[in-house]
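S.K.: Before I ask anything, let me first share the structure, which is written out below as structure tokens.
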Amino acid sequence: MKSEIGYMNERNQKEMKKLLILESPGKIKTISKFLGKEFTILSTMGHIKDLPQKELGVVINPSAKDDGSVDLTYTVLDKKDKIIAEICKAARTADEIYLAPDPDREGEIIAWHIAQEIEKVVKNKEKIHRITFNEITKTAIENALKHPGVIDEHKVDAQQARRVLDRLVGYEVSPVLWRKISKGLSAGRVQSVALKLICDRETAIRDFKPEEYWSIHGLFEYEKQKFSAQLAQINKKKADIKDEKTAHEIVKKAQSGAYIVESIKDSARSRSAAAPFITSTLQQAAYNTLGFSVQKTMQVAQKLYEGIPLEDSSTPVALITYMRTDSPRIAESALKEARTLIKDQFGSEYLPGKSLVYAKAGGQDAHEAVRPISVAVSPDYVKKFASSDEAKLYTLIWKRFVACQMKPAEYAQRAVTLAGDNGLIFKVTGSTLMFDGFLRVYAEPEEPTSDQEETQDPEKITIPKNLKEKSSVDLEKVTPKQHFTQPPARYTEASLVKELEKEGIGRPSTYATIMKTIQTRSYTSLDAKKKFIPTELGMAVTRLLSENLPKIMNTQFTAVMEEDLDKIAQGTMKRDTLIFDFYTPFMHDLEKFQGEKGKQLEITDITCPECKKNKLAIRFGKTGSFLGCLGYPECKFTSNFERSEDGTIKLVTAQAPKLLDENCPQCSKPLRSMVGRFGPFIACSGYPECKYIHTVKANFPCPEDSGEVIERSWKGKKFWGCKNYPKCKFSISGDIEQTICPQCKKQPYLLKRINKDETVTLTCPDKSCGYTSTK
């Protein structure tokens, strides 16, 4: 019988010999095809234990570092008792037990926790082994089983240290934020620093004062061939034109001159391929190329790692190596396979004399780069079986890996200087691609620079081939262009990942969680270009923490702490040493922070229009930020407000609820359209006497308890859920079409997605059905 959390071969439990325990159930089908009938494979379904939810769970006594102690209390997570019981039941009769959670610190603590539970029922601890593998292939699994090890206590210590530090900040600081700003807020050791980067960037944008400058472009002709060049020097000094008057004076001067080709410099330039993907570069490239969020990239990569069905729909095949890594190292076998493919498909001229090796300073070398398990599995082949997102990400990974073992692209570059008898010097540089090299397969995507002044691509500049030094050229036209210096660009997910990595804040495996948290907590929002904008709440939290807990908000301090966590994992630093060093100064600052009474308010320079005595201050309520009089409760004036790009605040009159033509079914008064904490809704205008709220009901019952399925909203996003929540937690993310699946005839609805080209894709929620259509 197949278990709810694992796969059991059709054998009697008493005959089982070996037990393999994974972290994710998604790997079970893929791995089961590699192992014999003597194996039972079960999953922990992620973490099974953690620090308690309603108490700190950490007791620190740093009285003397040699004699001090750090004691942790772990509790079994909700609904994990059954999983633990089933694993322990299988472990009792197993001859060998292999712990195989993911090969990272989180995986190590999971292995450590499940080992503790197994040891309660298994007397012989020597039969418990720890194995790891970087790819889910028959060779990798068999090799791991042949060379079993033990749980890495240093990795466990590093995970515990990180968890303790995060718990101290979150558990101790969050309640202070509730008192000083608003209830329900949270602080995080890494998330708060990431938020600070976004807020600091927004402050820089608000403070930015644009400066005017001008560029002068000349259109020249040589033997009936036209080309453009930009003014570079005026009387041997760099052209620095600040205003329109000066620009037009120079235009006149340029028009009166005669020009010759002062110099032509030809040079060769090569461009090498980028290193194979690590987690952070994969996240950035997937965002810039595919438009994937960091979270989506990791979710899709997880599926590619665990395996997706190809020709055999019942047998998943793992396609990429482990996707959480900061090492660009490549296995020798993979290098040989890539070189063979390059020679066969593109020719020997694209193959370097030897394999290209990449290294990253300070990177951990526990795992390989993110690469295809086999380059023989081509993107075109995968497209036939994988989902669109899976195919796109696999293609990106495959191309980057193959390209990293190809020769550089070669360019011929020409720099031309034009000198006028009027003291003006114009310059132009152009490049011609002579050999495409790795570009035959892949060109690294660059982060969009739409917020900055566009510069012309040298490869798109045309320079006459027969141009010679000392030749005369004719100036056909002079064009002045006005520009303004641009403020620093807001962060996208990709550029924020790049900045976090550059500053050493967090680890790539945590970036997706950081991005999600700062948006879920309403600390940031995304503008039309999907760039982070801090909310008033995010700015207030950052300002308060920076003023009162400067150490934990310091990027350098946070980066050093990450390095120390790495040292713990390597065994060169003790877990408790790091915790003690953090704990004492942190608690000193926290006590001082807690002792300050009253709400922390940002006071504006706007006088209350009602009492005309006090200033207005930014406050926070259930529906967000608003302005309130400092004279409260004597003066109860409040107002919505908006803040302009330069930070100026102005009052905004709130829109009155709109009465609808439809009447309330309970009291017959008109219904009205309103906007609440979780978005727009329709309710009775007779509130509070009548509390009717209009709900949209689905035409099918809840599949779990037969209750009504209604449309809900959370932070402006719609979803469908059972009316009996929280007793029933059935929900459907996004929009649906209330029609029975035409293929399986079982599902009463189809998932609905509106694509970028405004087409609509309908998908059956039952993945085993596989129905999908676009209209």
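Please note that chains go A, B, ... in the order of the structure tokens, that every chain numbers its residues from 1, and that ligands are numbered from 1 in the order shown.
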Write out as a PyMOL selection string which residues come within 7 Å of A:Thr604 when counting only C-alpha atoms, dropping same-chain ones fewer than 5 positions away.
M.R.: chain A and resi 615-617
S.K.: Since we have the selection now, will you write its residues out, keeping N, CA and C atoms, as a tab-separated table (two decimals), in the first residue's frame?
M.R.:
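Result file is out.tsv:
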chain	number	residue	atom	x	y	z
A	615	LYS	N	0.47	70.26	14.74
A	615	LYS	CA	0.92	69.70	13.47
A	615	LYS	C	0.28	68.33	13.26
A	616	LEU	N	0.25	67.91	12.01
A	616	LEU	CA	-0.23	66.58	11.68
A	616	LEU	C	0.96	65.61	11.66
A	617	ALA	N	0.69	64.36	12.06
A	617	ALA	CA	1.73	63.34	12.09
A	617	ALA	C	1.23	62.10	11.36
S.K.: Could you give me, as a VMD selection string, each residue of stretch 426-567 of chain A that DSSP assigns to helix (DSSP H, G or I) when run on this structure's backbone?
M.R.: chain A and resid 437 to 440 458 to 460 493 to 503 508 to 520 536 to 548 555 to 567
S.K.: Mind the document's chain letters and residue numbers, and return as an NGL selection string the residues of stretch 201-323 of chain A that DSSP labels strand (DSSP E).
M.R.: :A and (212-222 or 225-234 or 237-238 or 259-271 or 308-309 or 316-317)
S.K.: Limited to C-alpha atoms, could you put the picked residues into a file as a PDB file, in the first residue's frame?
M.R.:
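What follows is the written file out_31.pdb:
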ATOM      1  CA  GLU A 212      21.070  69.809 -16.660  1.00  0.00           C
ATOM      2  CA  TYR A 213      23.727  68.964 -19.215  1.00  0.00           C
ATOM      3  CA  TRP A 214      23.964  68.882 -23.001  1.00  0.00           C
ATOM      4  CA  SER A 215      25.641  66.671 -25.563  1.00  0.00           C
ATOM      5  CA  ILE A 216      26.552  67.690 -29.119  1.00  0.00           C
ATOM      6  CA  HIS A 217      26.348  65.163 -31.953  1.00  0.00           C
ATOM      7  CA  GLY A 218      27.775  65.716 -35.395  1.00  0.00           C
ATOM      8  CA  LEU A 219      26.677  63.908 -38.546  1.00  0.00           C
ATOM      9  CA  PHE A 220      29.722  63.599 -40.823  1.00  0.00           C
ATOM     10  CA  GLU A 221      30.144  62.432 -44.413  1.00  0.00           C
ATOM     11  CA  TYR A 222      33.114  60.727 -46.048  1.00  0.00           C
ATOM     12  CA  GLN A 225      29.021  57.561 -46.384  1.00  0.00           C
ATOM     13  CA  LYS A 226      27.482  59.159 -43.325  1.00  0.00           C
ATOM     14  CA  PHE A 227      28.421  58.456 -39.708  1.00  0.00           C
ATOM     15  CA  SER A 228      27.821  60.109 -36.356  1.00  0.00           C
ATOM     16  CA  ALA A 229      30.316  61.233 -33.694  1.00  0.00           C
ATOM     17  CA  GLN A 230      29.938  62.993 -30.357  1.00  0.00           C
ATOM     18  CA  LEU A 231      31.738  66.120 -29.210  1.00  0.00           C
ATOM     19  CA  ALA A 232      34.425  65.053 -26.717  1.00  0.00           C
ATOM     20  CA  GLN A 233      36.724  68.071 -26.231  1.00  0.00           C
ATOM     21  CA  ILE A 234      36.671  71.843 -26.525  1.00  0.00           C
ATOM     22  CA  LYS A 237      39.352  70.193 -22.342  1.00  0.00           C
ATOM     23  CA  LYS A 238      36.540  67.716 -21.752  1.00  0.00           C
ATOM     24  CA  TYR A 259      37.401  68.646 -39.912  1.00  0.00           C
ATOM     25  CA  ILE A 260      39.965  65.956 -40.596  1.00  0.00           C
ATOM     26  CA  VAL A 261      40.455  62.422 -39.299  1.00  0.00           C
ATOM     27  CA  GLU A 262      43.073  63.013 -36.613  1.00  0.00           C
ATOM     28  CA  SER A 263      43.511  59.365 -35.652  1.00  0.00           C
ATOM     29  CA  ILE A 264      42.156  55.876 -36.219  1.00  0.00           C
ATOM     30  CA  LYS A 265      42.937  53.217 -33.644  1.00  0.00           C
ATOM     31  CA  ASP A 266      42.093  49.630 -34.457  1.00  0.00           C
ATOM     32  CA  SER A 267      42.173  47.037 -31.714  1.00  0.00           C
ATOM     33  CA  ALA A 268      40.911  43.569 -30.937  1.00  0.00           C
ATOM     34  CA  ARG A 269      38.558  42.917 -28.050  1.00  0.00           C
ATOM     35  CA  SER A 270      37.365  39.614 -26.663  1.00  0.00           C
ATOM     36  CA  ARG A 271      34.347  38.901 -24.509  1.00  0.00           C
ATOM     37  CA  ILE A 308       9.550  15.929 -14.096  1.00  0.00           C
ATOM     38  CA  PRO A 309       8.023  13.239 -16.329  1.00  0.00           C
ATOM     39  CA  PRO A 316       9.997  11.690 -13.325  1.00  0.00           C
ATOM     40  CA  VAL A 317      13.503  12.522 -14.539  1.00  0.00           C
TER      41      VAL A 317
END
S.K.: Mind giving me the straight-line distance from atom CA of A:Val164 to atom CA of A:Ser192 in Å, one decimal?
M.R.: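 Atom-to-atom, atom CA of A:Val164 and atom CA of A:Ser192 are spaced 16.2 Å apart.
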S.K.: Excluding A:Leu20 and residues on its chain fewer than 2 positions from it, collect all residues at most 8 Å away from it, counting only C-alpha atoms, and give them as a PDB file with N, CA, C and O atoms, in the first residue's frame.
M.R.:
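Everything below was put into around-v7.pdb:
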ATOM      1  N   LYS A  18      16.050  -1.832   4.168  1.00  0.00           N
ATOM      2  CA  LYS A  18      16.681  -0.516   4.147  1.00  0.00           C
ATOM      3  C   LYS A  18      15.631   0.583   4.078  1.00  0.00           C
ATOM      4  O   LYS A  18      14.630   0.437   3.385  1.00  0.00           O
ATOM      5  N   LEU A  22      13.901  11.117   2.942  1.00  0.00           N
ATOM      6  CA  LEU A  22      14.122  12.358   2.198  1.00  0.00           C
ATOM      7  C   LEU A  22      13.453  13.525   2.885  1.00  0.00           C
ATOM      8  O   LEU A  22      12.608  13.351   3.762  1.00  0.00           O
ATOM      9  N   PHE A  39      14.357  -1.340  -0.485  1.00  0.00           N
ATOM     10  CA  PHE A  39      14.264   0.024   0.032  1.00  0.00           C
ATOM     11  C   PHE A  39      12.819   0.470   0.237  1.00  0.00           C
ATOM     12  O   PHE A  39      11.956   0.257  -0.609  1.00  0.00           O
ATOM     13  N   THR A  40      12.587   1.106   1.360  1.00  0.00           N
ATOM     14  CA  THR A  40      11.379   1.891   1.603  1.00  0.00           C
ATOM     15  C   THR A  40      11.808   3.355   1.622  1.00  0.00           C
ATOM     16  O   THR A  40      12.818   3.696   2.247  1.00  0.00           O
ATOM     17  N   ILE A  41      11.079   4.192   0.932  1.00  0.00           N
ATOM     18  CA  ILE A  41      11.443   5.612   0.859  1.00  0.00           C
ATOM     19  C   ILE A  41      10.331   6.444   1.500  1.00  0.00           C
ATOM     20  O   ILE A  41       9.168   6.352   1.098  1.00  0.00           O
ATOM     21  N   LEU A  42      10.684   7.235   2.488  1.00  0.00           N
ATOM     22  CA  LEU A  42       9.739   8.103   3.179  1.00  0.00           C
ATOM     23  C   LEU A  42      10.248   9.543   3.165  1.00  0.00           C
ATOM     24  O   LEU A  42      11.423   9.792   2.916  1.00  0.00           O
ATOM     25  N   ILE A  97      19.510   2.507   7.842  1.00  0.00           N
ATOM     26  CA  ILE A  97      18.682   3.716   7.723  1.00  0.00           C
ATOM     27  C   ILE A  97      19.549   4.827   7.143  1.00  0.00           C
ATOM     28  O   ILE A  97      20.611   5.151   7.685  1.00  0.00           O
ATOM     29  N   TYR A  98      19.093   5.403   6.045  1.00  0.00           N
ATOM     30  CA  TYR A  98      19.852   6.455   5.371  1.00  0.00           C
ATOM     31  C   TYR A  98      19.073   7.769   5.442  1.00  0.00           C
ATOM     32  O   TYR A  98      17.939   7.866   4.960  1.00  0.00           O
ATOM     33  N   LEU A  99      19.688   8.777   6.060  1.00  0.00           N
ATOM     34  CA  LEU A  99      19.085  10.110   6.170  1.00  0.00           C
ATOM     35  C   LEU A  99      19.556  10.932   4.971  1.00  0.00           C
ATOM     36  O   LEU A  99      20.752  11.208   4.842  1.00  0.00           O
ATOM     37  N   ALA A 100      18.615  11.326   4.112  1.00  0.00           N
ATOM     38  CA  ALA A 100      19.007  11.997   2.871  1.00  0.00           C
ATOM     39  C   ALA A 100      18.271  13.307   2.605  1.00  0.00           C
ATOM     40  O   ALA A 100      17.902  13.593   1.472  1.00  0.00           O
TER      41      ALA A 100
END
S.K.: Env of stretch 335-348 of chain A: 12 Å cut, atoms = only C-alpha atoms, seq-sep filter 5 positions within chain, self excluded. Answer as a ChimeraX atom specification.
M.R.: /A:276,329-330,353-358,368-369,371-378,398-407,436-441
S.K.: Applying 8 Å and only C-alpha atoms, which residues near stretch 567-569 of chain A remain after dropping the ones on its own chain fewer than 3 positions away? List them as a list in words.
M.R.: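 Near neighbours after the sequence-gap exclusion: His154, Lys155, Val156, Asp157, Ala158, Glu563, Asp564, Thr572, Met573, Lys574 and Arg575 of chain A.
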S.K.: May I have the residues within 9 Å of A:Ile461 as a list in words, using only C-alpha atoms and disregarding those fewer than 5 positions away in the same chain?
M.R.: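 Selected residues are Phe227, Ser228, Val428, Thr429, Gly430, Ser431 and Gln456 of chain A.
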S.K.: Would you mind exporting all heavy atoms of the selected residues as a JSON list (two decimals), in the first residue's frame?
M.R.:
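Full text of part.json as output:
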[["chain", "number", "residue", "atom", "x", "y", "z"],
["A", 227, "PHE", "N", 28.24, 59.07, -41.04],
["A", 227, "PHE", "CA", 28.42, 58.46, -39.71],
["A", 227, "PHE", "C", 28.36, 59.55, -38.65],
["A", 227, "PHE", "O", 28.60, 60.73, -38.93],
["A", 227, "PHE", "CB", 29.74, 57.68, -39.63],
["A", 227, "PHE", "CG", 30.98, 58.54, -39.77],
["A", 227, "PHE", "CD1", 31.72, 58.93, -38.66],
["A", 227, "PHE", "CD2", 31.41, 58.98, -41.03],
["A", 227, "PHE", "CE1", 32.86, 59.71, -38.79],
["A", 227, "PHE", "CE2", 32.55, 59.77, -41.17],
["A", 227, "PHE", "CZ", 33.28, 60.12, -40.05],
["A", 228, "SER", "N", 28.03, 59.15, -37.44],
["A", 228, "SER", "CA", 27.82, 60.11, -36.36],
["A", 228, "SER", "C", 28.96, 60.04, -35.35],
["A", 228, "SER", "O", 29.55, 58.96, -35.12],
["A", 228, "SER", "CB", 26.49, 59.82, -35.66],
["A", 228, "SER", "OG", 26.27, 60.74, -34.61],
["A", 428, "VAL", "N", 34.20, 58.79, -32.00],
["A", 428, "VAL", "CA", 33.23, 57.71, -32.18],
["A", 428, "VAL", "C", 33.97, 56.38, -32.10],
["A", 428, "VAL", "O", 35.11, 56.26, -32.58],
["A", 428, "VAL", "CB", 32.47, 57.83, -33.53],
["A", 428, "VAL", "CG1", 33.42, 57.80, -34.70],
["A", 428, "VAL", "CG2", 31.43, 56.72, -33.66],
["A", 429, "THR", "N", 33.34, 55.40, -31.48],
["A", 429, "THR", "CA", 33.92, 54.06, -31.38],
["A", 429, "THR", "C", 32.90, 53.04, -31.85],
["A", 429, "THR", "O", 31.73, 53.07, -31.45],
["A", 429, "THR", "CB", 34.33, 53.73, -29.92],
["A", 429, "THR", "OG1", 35.30, 54.68, -29.48],
["A", 429, "THR", "CG2", 34.91, 52.33, -29.82],
["A", 430, "GLY", "N", 33.33, 52.14, -32.71],
["A", 430, "GLY", "CA", 32.44, 51.10, -33.21],
["A", 430, "GLY", "C", 33.10, 49.74, -33.09],
["A", 430, "GLY", "O", 34.33, 49.62, -33.07],
["A", 431, "SER", "N", 32.28, 48.70, -32.96],
["A", 431, "SER", "CA", 32.78, 47.34, -32.85],
["A", 431, "SER", "C", 32.12, 46.45, -33.90],
["A", 431, "SER", "O", 30.93, 46.60, -34.19],
["A", 431, "SER", "CB", 32.50, 46.76, -31.46],
["A", 431, "SER", "OG", 33.22, 47.45, -30.47],
["A", 456, "GLN", "N", 24.60, 54.59, -26.88],
["A", 456, "GLN", "CA", 24.54, 53.84, -28.11],
["A", 456, "GLN", "C", 25.47, 52.64, -28.06],
["A", 456, "GLN", "O", 26.61, 52.72, -27.59],
["A", 456, "GLN", "CB", 24.91, 54.73, -29.30],
["A", 456, "GLN", "CG", 24.55, 54.12, -30.64],
["A", 456, "GLN", "CD", 24.66, 55.11, -31.77],
["A", 456, "GLN", "OE1", 25.02, 56.26, -31.54],
["A", 456, "GLN", "NE2", 24.35, 54.69, -32.98]]
S.K.: Of the residues A:Leu290, A:Lys468, A:Ala140, A:Pro585, which is the one nearest to A:Leu35, using only C-alpha atoms?
M.R.: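 Of the candidates, the smallest distance to A:Leu35 is held by A:Ala140.
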S.K.: I'd like to know which of A:Pro52, A:Gly707, A:Pro328, A:Pro657 is closest to A:Met674, using only C-alpha atoms.
M.R.: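 Closest to A:Met674, using only C-alpha atoms: A:Pro657.
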S.K.: Give me the residues within 12 Å of A:Lys82 as a VMD selection string, counting only C-alpha atoms and dropping any in the same chain fewer than 2 places off.
M.R.: chain A and resid 3 to 5 43 to 45 48 76 to 80 84 to 89
S.K.: Would you write out those residues with all heavy atoms, as a CSV table (one decimal), in the first residue's frame?
M.R.:
chain,number,residue,atom,x,y,z
A,3,SER,N,2.1,4.8,1.0
A,3,SER,CA,1.9,5.7,2.1
A,3,SER,C,1.5,7.1,1.7
A,3,SER,O,1.8,7.5,0.6
A,3,SER,CB,3.2,5.7,3.0
A,3,SER,OG,3.2,6.8,3.8
A,4,GLU,N,0.9,7.8,2.6
A,4,GLU,CA,0.5,9.2,2.4
A,4,GLU,C,1.7,10.0,2.2
A,4,GLU,O,1.7,11.0,1.5
A,4,GLU,CB,-0.4,9.7,3.5
A,4,GLU,CG,-0.9,11.1,3.3
A,4,GLU,CD,-1.7,11.6,4.4
A,4,GLU,OE1,-1.9,10.8,5.4
A,4,GLU,OE2,-2.1,12.8,4.4
A,5,ILE,N,2.8,9.7,2.9
A,5,ILE,CA,4.0,10.5,2.9
A,5,ILE,C,5.2,9.8,2.2
A,5,ILE,O,6.3,10.3,2.2
A,5,ILE,CB,4.4,10.9,4.3
A,5,ILE,CG1,4.8,9.7,5.1
A,5,ILE,CG2,3.4,11.7,5.0
A,5,ILE,CD1,5.5,10.0,6.4
A,43,SER,N,9.4,10.5,3.5
A,43,SER,CA,9.7,11.9,3.5
A,43,SER,C,9.3,12.6,4.8
A,43,SER,O,8.3,12.3,5.3
A,43,SER,CB,9.0,12.6,2.3
A,43,SER,OG,9.1,14.0,2.5
A,44,THR,N,10.2,13.5,5.2
A,44,THR,CA,9.8,14.3,6.4
A,44,THR,C,8.9,15.4,6.1
A,44,THR,O,8.4,16.1,7.0
A,44,THR,CB,11.1,14.9,7.1
A,44,THR,OG1,11.6,15.8,6.1
A,44,THR,CG2,12.1,13.8,7.4
A,45,MET,N,8.6,15.7,4.8
A,45,MET,CA,7.8,16.8,4.3
A,45,MET,C,8.4,18.1,4.9
A,45,MET,O,7.6,18.9,5.4
A,45,MET,CB,6.4,16.6,4.8
A,45,MET,CG,5.7,15.3,4.4
A,45,MET,SD,5.2,15.3,2.7
A,45,MET,CE,3.7,16.2,2.8
A,48,ILE,N,10.6,18.9,10.7
A,48,ILE,CA,9.7,18.3,11.6
A,48,ILE,C,9.7,18.9,13.0
A,48,ILE,O,8.7,18.8,13.8
A,48,ILE,CB,10.0,16.8,11.8
A,48,ILE,CG1,11.4,16.6,12.3
A,48,ILE,CG2,9.9,16.0,10.5
A,48,ILE,CD1,11.8,15.2,12.8
A,76,VAL,N,7.7,19.7,18.2
A,76,VAL,CA,7.3,19.1,16.9
A,76,VAL,C,6.3,20.0,16.2
A,76,VAL,O,5.4,20.5,16.9
A,76,VAL,CB,6.6,17.7,17.2
A,76,VAL,CG1,6.1,17.1,15.9
A,76,VAL,CG2,7.6,16.7,17.8
A,77,LEU,N,6.5,20.2,15.0
A,77,LEU,CA,5.6,21.1,14.2
A,77,LEU,C,4.2,20.5,14.0
A,77,LEU,O,4.1,19.3,14.1
A,77,LEU,CB,6.3,21.4,12.8
A,77,LEU,CG,7.6,22.2,12.9
A,77,LEU,CD1,8.2,22.2,11.5
A,77,LEU,CD2,7.3,23.6,13.3
A,78,ASP,N,3.3,21.4,13.7
A,78,ASP,CA,1.9,21.0,13.6
A,78,ASP,C,1.8,19.9,12.5
A,78,ASP,O,2.3,20.0,11.4
A,78,ASP,CB,1.1,22.2,13.2
A,78,ASP,CG,-0.4,21.9,13.2
A,78,ASP,OD1,-0.9,21.1,14.0
A,78,ASP,OD2,-1.1,22.5,12.4
A,79,LYS,N,1.0,18.8,12.8
A,79,LYS,CA,0.7,17.7,11.9
A,79,LYS,C,1.9,16.9,11.5
A,79,LYS,O,1.9,16.1,10.6
A,79,LYS,CB,0.1,18.3,10.6
A,79,LYS,CG,-1.3,18.9,10.9
A,79,LYS,CD,-1.9,19.4,9.6
A,79,LYS,CE,-3.3,20.0,9.9
A,79,LYS,NZ,-4.0,20.5,8.6
A,80,LYS,N,3.1,17.0,12.2
A,80,LYS,CA,4.2,16.2,11.9
A,80,LYS,C,4.4,15.0,12.8
A,80,LYS,O,5.2,14.1,12.6
A,80,LYS,CB,5.5,17.0,12.0
A,80,LYS,CG,5.6,18.1,10.9
A,80,LYS,CD,5.6,17.5,9.5
A,80,LYS,CE,5.7,18.5,8.4
A,80,LYS,NZ,7.0,19.0,8.2
A,84,ILE,N,6.4,11.5,11.8
A,84,ILE,CA,7.5,11.0,12.7
A,84,ILE,C,7.1,9.6,13.1
A,84,ILE,O,8.0,8.7,13.1
A,84,ILE,CB,7.7,11.9,13.9
A,84,ILE,CG1,8.2,13.3,13.5
A,84,ILE,CG2,8.6,11.2,14.9
A,84,ILE,CD1,8.2,14.3,14.7
A,85,ALA,N,5.9,9.3,13.5
A,85,ALA,CA,5.5,8.0,13.9
A,85,ALA,C,5.7,7.0,12.8
A,85,ALA,O,6.1,5.8,13.0
A,85,ALA,CB,4.0,8.0,14.4
A,86,GLU,N,5.3,7.3,11.6
A,86,GLU,CA,5.4,6.4,10.4
A,86,GLU,C,6.9,6.1,10.1
A,86,GLU,O,7.3,5.0,9.8
A,86,GLU,CB,4.7,7.0,9.2
A,86,GLU,CG,4.7,6.0,8.0
A,86,GLU,CD,3.8,6.4,6.9
A,86,GLU,OE1,3.1,7.4,7.1
A,86,GLU,OE2,3.8,5.7,5.9
A,87,ILE,N,7.8,7.1,10.2
A,87,ILE,CA,9.2,7.0,9.9
A,87,ILE,C,9.8,6.1,11.0
A,87,ILE,O,10.6,5.1,10.7
A,87,ILE,CB,9.9,8.3,9.9
A,87,ILE,CG1,9.5,9.1,8.6
A,87,ILE,CG2,11.4,8.1,9.9
A,87,ILE,CD1,10.0,10.5,8.5
A,88,CYS,N,9.4,6.3,12.3
A,88,CYS,CA,10.0,5.5,13.4
A,88,CYS,C,9.5,4.1,13.3
A,88,CYS,O,10.2,3.1,13.6
A,88,CYS,CB,9.6,6.1,14.7
A,88,CYS,SG,10.5,7.6,15.1
A,89,LYS,N,8.3,3.9,12.8
A,89,LYS,CA,7.7,2.5,12.7
A,89,LYS,C,8.5,1.8,11.6
A,89,LYS,O,8.9,0.6,11.8
A,89,LYS,CB,6.3,2.6,12.3
A,89,LYS,CG,5.6,1.2,12.1
A,89,LYS,CD,4.1,1.4,11.7
A,89,LYS,CE,3.4,0.1,11.6
A,89,LYS,NZ,2.0,0.2,11.2
S.K.: Which residue is closest to A:Gln594? Choose from A:Ser174, A:Thr132, A:Asn124, A:Gln556 and count only C-alpha atoms.
M.R.: A:Ser174
S.K.: What is the atom CA of A:Thr695-atom CA of A:Ile710 distance in Å, reported with one decimal?
M.R.: 6.5 Å
